[in-house]
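A.B. asks: Quick one: the structure is below, questions incoming.
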Amino acid sequence: MALRLSCKEASRLISEGMDRRLSVPERIRLRLHVGICDACTKFSSQVAFLRRALKAYPGPDESDGR
Amino acid sequence: MPAIATPLELEQHRPYLLRFALLQLRDRSAAEDAVQETLLAAIQGVSQFAGQSSVRTWLIGILKHKIVDSVRKTSREQPVESFEDRGEDLDAFFSEDGHFAEAPQQWASPERSLEQGRFFEALERCLQALPAKTARAFTMRELMGLETEEICKELRISTSNCWVMLYRARVSLRACLEQTWFLAGSARNG
């Protein structure tokens with residue numbers, strides 16, 4: 001892995017960071033990339049939203065009024 | 001003193017529980033079994049329900065255990081697959097120099113989508129479009145809240161396979177929700 005990450009590598013690390021603890025070098029490289037990359041910033045907040053959406057599944061209770 | 005739920009009241013939650021179980025198990029009879037066992041366990045254990053959470057949250061808690069039991073049973077019965085998943089199909093989402101083929105767009109007030117039943121229907125459709133094993137790994141992680149190690153063990157795949165699967169699921173779901181929900185105008189009009 002080169003010092004500078006591509007979006008493909010960065011998005012993979014963003015995802016893996018949700019499943020394991022990233023190493024310090026991984027975190028530094030990721031932060032350097034995300035800091036200047038609009039696409040990966042969006043990707044990061046959107047996959048975090050996906051996690052919240054699955055936590056909220058199956059969503060609002062529309063079958064009863066309680 | 002909190003009111004104790006009667007069997008009839010518990011029964012009213014069956015459709016909701018079934019929807020949850022189906023998303024994880026993708027098999028109607030396995031899902032119905034898990035829900036049936038959940039309701040039976042709930043009726044027997046109703047005195048333990050402390051009333052701190054809603055009945056529905058309590059039932060989902062029991063259902064999660066029943067689903068994990070069911071997944072364990074089927075993964076024991078399935079032959080072991082030993083292919084190494086490198087996630088080659090993910091190349092379609094990126095250009096050759098590693099940029100996003102289609103850059104993620106701004107989503108309009110995503111939190112508001114969580115209040116809309118139709119958003120969750122769109123989410124279900126996107127999940128159903130994933131390969132079965134990928135969807136299963138993802139829902140075990142995000143719906144059931146299991147750790148990666150446990151998912152690998154249950155699905156009998158390596159840890160790195162598991163990470164690739166979860167990555168694929170997130171990349172695909174993100175793109176699918178963007179197209180079918182956030183950019184389709186559903187998020188604003190729904």
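Naming scheme: A, B, ... for chains in displayed order of the structure tokens; residues 1 onward per chain; ligands 1 onward as shown.
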Quick one: which residues from chain B are at most 8 Å off chain A, using only C-alpha atoms, as a VMD selection string?

C.D. replies: chain B and resid 16 19 to 20 94 97 to 100 103 to 106 110 114 to 117 120 139 142 to 143 147 to 148 163 166 to 167 170 174

A.B. asks: Among chain A, which ones does DSSP assign to alpha helix (DSSP H) (computed from the backbone)? Answer as a ChimeraX atom specification.

C.D. replies: /A:7-16,24-36,38-56

A.B. asks: So what do you get for atom CA of B:Glu124 versus atom CA of B:Leu22, distance-wise?

C.D. replies: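 Computing the Euclidean distance for atom CA of B:Glu124 and atom CA of B:Leu22 yields 10.1 Å.
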
A.B. asks: Grab the atom CA of B:Cys162 to atom CA of B:Ala132 distance for me, in Å with one decimal place.

C.D. replies: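 Atom CA of B:Ala132 lies 13.5 Å from atom CA of B:Cys162.
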
A.B. asks: Which residues, written as a PyMOL selection string, have at least one atom at most 10 Å from B:Ala41, with only C-alpha atoms counted and residues fewer than 4 positions away on the same chain left out?

C.D. replies: chain B and resi 35-37+45-46+59+62-63+66

A.B. asks: Just the selected residues (N, CA and C atoms), exported as an mmCIF file, in the first residue's frame, please.

C.D. replies:
data_model
loop_
_atom_site.group_PDB
_atom_site.id
_atom_site.type_symbol
_atom_site.label_atom_id
_atom_site.label_comp_id
_atom_site.auth_asym_id
_atom_site.auth_seq_id
_atom_site.Cartn_x
_atom_site.Cartn_y
_atom_site.Cartn_z
ATOM 1 N N VAL B 35 -39.601 -17.207 14.964
ATOM 2 C CA VAL B 35 -40.611 -16.331 15.576
ATOM 3 C C VAL B 35 -41.504 -17.131 16.523
ATOM 4 N N GLN B 36 -41.868 -18.329 16.106
ATOM 5 C CA GLN B 36 -42.705 -19.181 16.947
ATOM 6 C C GLN B 36 -42.009 -19.484 18.282
ATOM 7 N N GLU B 37 -40.724 -19.842 18.181
ATOM 8 C CA GLU B 37 -39.960 -20.139 19.400
ATOM 9 C C GLU B 37 -39.830 -18.903 20.281
ATOM 10 N N GLY B 45 -41.764 -16.723 29.692
ATOM 11 C CA GLY B 45 -40.908 -15.858 30.514
ATOM 12 C C GLY B 45 -41.487 -14.491 30.772
ATOM 13 N N VAL B 46 -42.797 -14.364 30.593
ATOM 14 C CA VAL B 46 -43.405 -13.026 30.630
ATOM 15 C C VAL B 46 -43.225 -12.354 31.996
ATOM 16 N N LEU B 59 -39.004 -8.509 22.824
ATOM 17 C CA LEU B 59 -39.209 -9.632 21.903
ATOM 18 C C LEU B 59 -38.076 -9.727 20.882
ATOM 19 N N ILE B 62 -35.107 -11.465 22.332
ATOM 20 C CA ILE B 62 -35.239 -12.932 22.345
ATOM 21 C C ILE B 62 -35.061 -13.486 20.934
ATOM 22 N N LEU B 63 -35.673 -12.808 19.973
ATOM 23 C CA LEU B 63 -35.631 -13.274 18.578
ATOM 24 C C LEU B 63 -34.188 -13.354 18.065
ATOM 25 N N LYS B 66 -32.708 -16.555 18.958
ATOM 26 C CA LYS B 66 -33.282 -17.670 18.179
ATOM 27 C C LYS B 66 -32.724 -17.675 16.762
#

A.B. asks: Show me, as a ChimeraX atom specification, the residues that have an atom within 9 Å of B:His13 when counting only C-alpha atoms, minus same-chain residues fewer than 2 positions from it.

C.D. replies: /B:9-11,15-18,39,55-56,59

A.B. asks: Keeping only N, CA and C atoms, write those residues as a compact mmCIF listing (two decimals), in the first residue's frame.

C.D. replies:
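The result, stored in result.txt:
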# COMPACT_ATOMS: atom_id res chain seq x y z
N GLU B 9 -51.55 -10.16 23.37
CA GLU B 9 -50.78 -8.95 23.05
C GLU B 9 -49.44 -9.28 22.40
N LEU B 10 -48.81 -10.34 22.89
CA LEU B 10 -47.53 -10.77 22.31
C LEU B 10 -47.73 -11.19 20.87
N GLU B 11 -48.83 -11.89 20.64
CA GLU B 11 -49.15 -12.41 19.31
C GLU B 11 -49.24 -11.28 18.26
N PRO B 15 -46.18 -10.28 13.04
CA PRO B 15 -45.76 -9.81 11.70
C PRO B 15 -44.45 -9.01 11.72
N TYR B 16 -44.32 -8.18 12.75
CA TYR B 16 -43.12 -7.36 12.90
C TYR B 16 -41.89 -8.25 13.11
N LEU B 17 -42.03 -9.23 13.98
CA LEU B 17 -40.92 -10.15 14.27
C LEU B 17 -40.56 -10.96 13.02
N LEU B 18 -41.58 -11.34 12.29
CA LEU B 18 -41.34 -12.15 11.09
C LEU B 18 -40.55 -11.37 10.04
N LEU B 39 -42.02 -16.39 20.52
CA LEU B 39 -43.28 -16.10 21.18
C LEU B 39 -43.54 -17.09 22.31
N VAL B 55 -42.32 -3.86 24.95
CA VAL B 55 -42.50 -5.29 24.71
C VAL B 55 -41.80 -5.69 23.42
N ARG B 56 -41.90 -4.81 22.42
CA ARG B 56 -41.32 -5.11 21.12
C ARG B 56 -39.80 -5.25 21.20
N LEU B 59 -39.00 -8.51 22.82
CA LEU B 59 -39.21 -9.63 21.90
C LEU B 59 -38.08 -9.73 20.88

A.B. asks: Measuring atom to atom with only C-alpha atoms, identify which of B:Ala34, B:Met140, B:Leu23, B:Leu183 is nearest to B:Ala108.

C.D. replies: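 Ranking B:Ala34, B:Met140, B:Leu23, B:Leu183 by distance to B:Ala108, first place goes to B:Leu183.
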
A.B. asks: Show which residues sit within 12 Å of A:Arg4, as a compact mmCIF listing (two decimals) with C-alpha atoms, in the first residue's frame. Count only C-alpha atoms, and ignore same-chain residues fewer than 5 positions away.

C.D. replies:
# COMPACT_ATOMS: atom_id res chain seq x y z
CA GLU A 9 -8.14 1.73 -0.51
CA ALA A 10 -9.50 4.46 1.75
CA PRO A 25 -0.29 3.89 10.31
CA GLU A 26 -3.62 2.91 8.75
CA ILE A 28 -2.93 8.24 9.87
CA ARG A 29 -3.05 7.48 6.15
CA LEU A 30 -6.82 7.32 6.26
CA ARG A 31 -7.09 10.65 8.02
CA LEU A 32 -4.74 12.27 5.52
CA HIS A 33 -6.85 11.01 2.65
CA VAL A 34 -10.30 11.70 4.06
CA ILE A 36 -8.81 16.21 1.50
CA CYS A 37 -11.32 13.90 -0.19
CA GLY B 98 -8.78 3.90 -7.68

A.B. asks: Would you work out the distance separating atom CA of B:Leu155 from atom CA of B:Ile60, expressed in Å to one decimal?

C.D. replies: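 Answer for the atom CA of B:Leu155 to atom CA of B:Ile60 separation: 22.3 Å.
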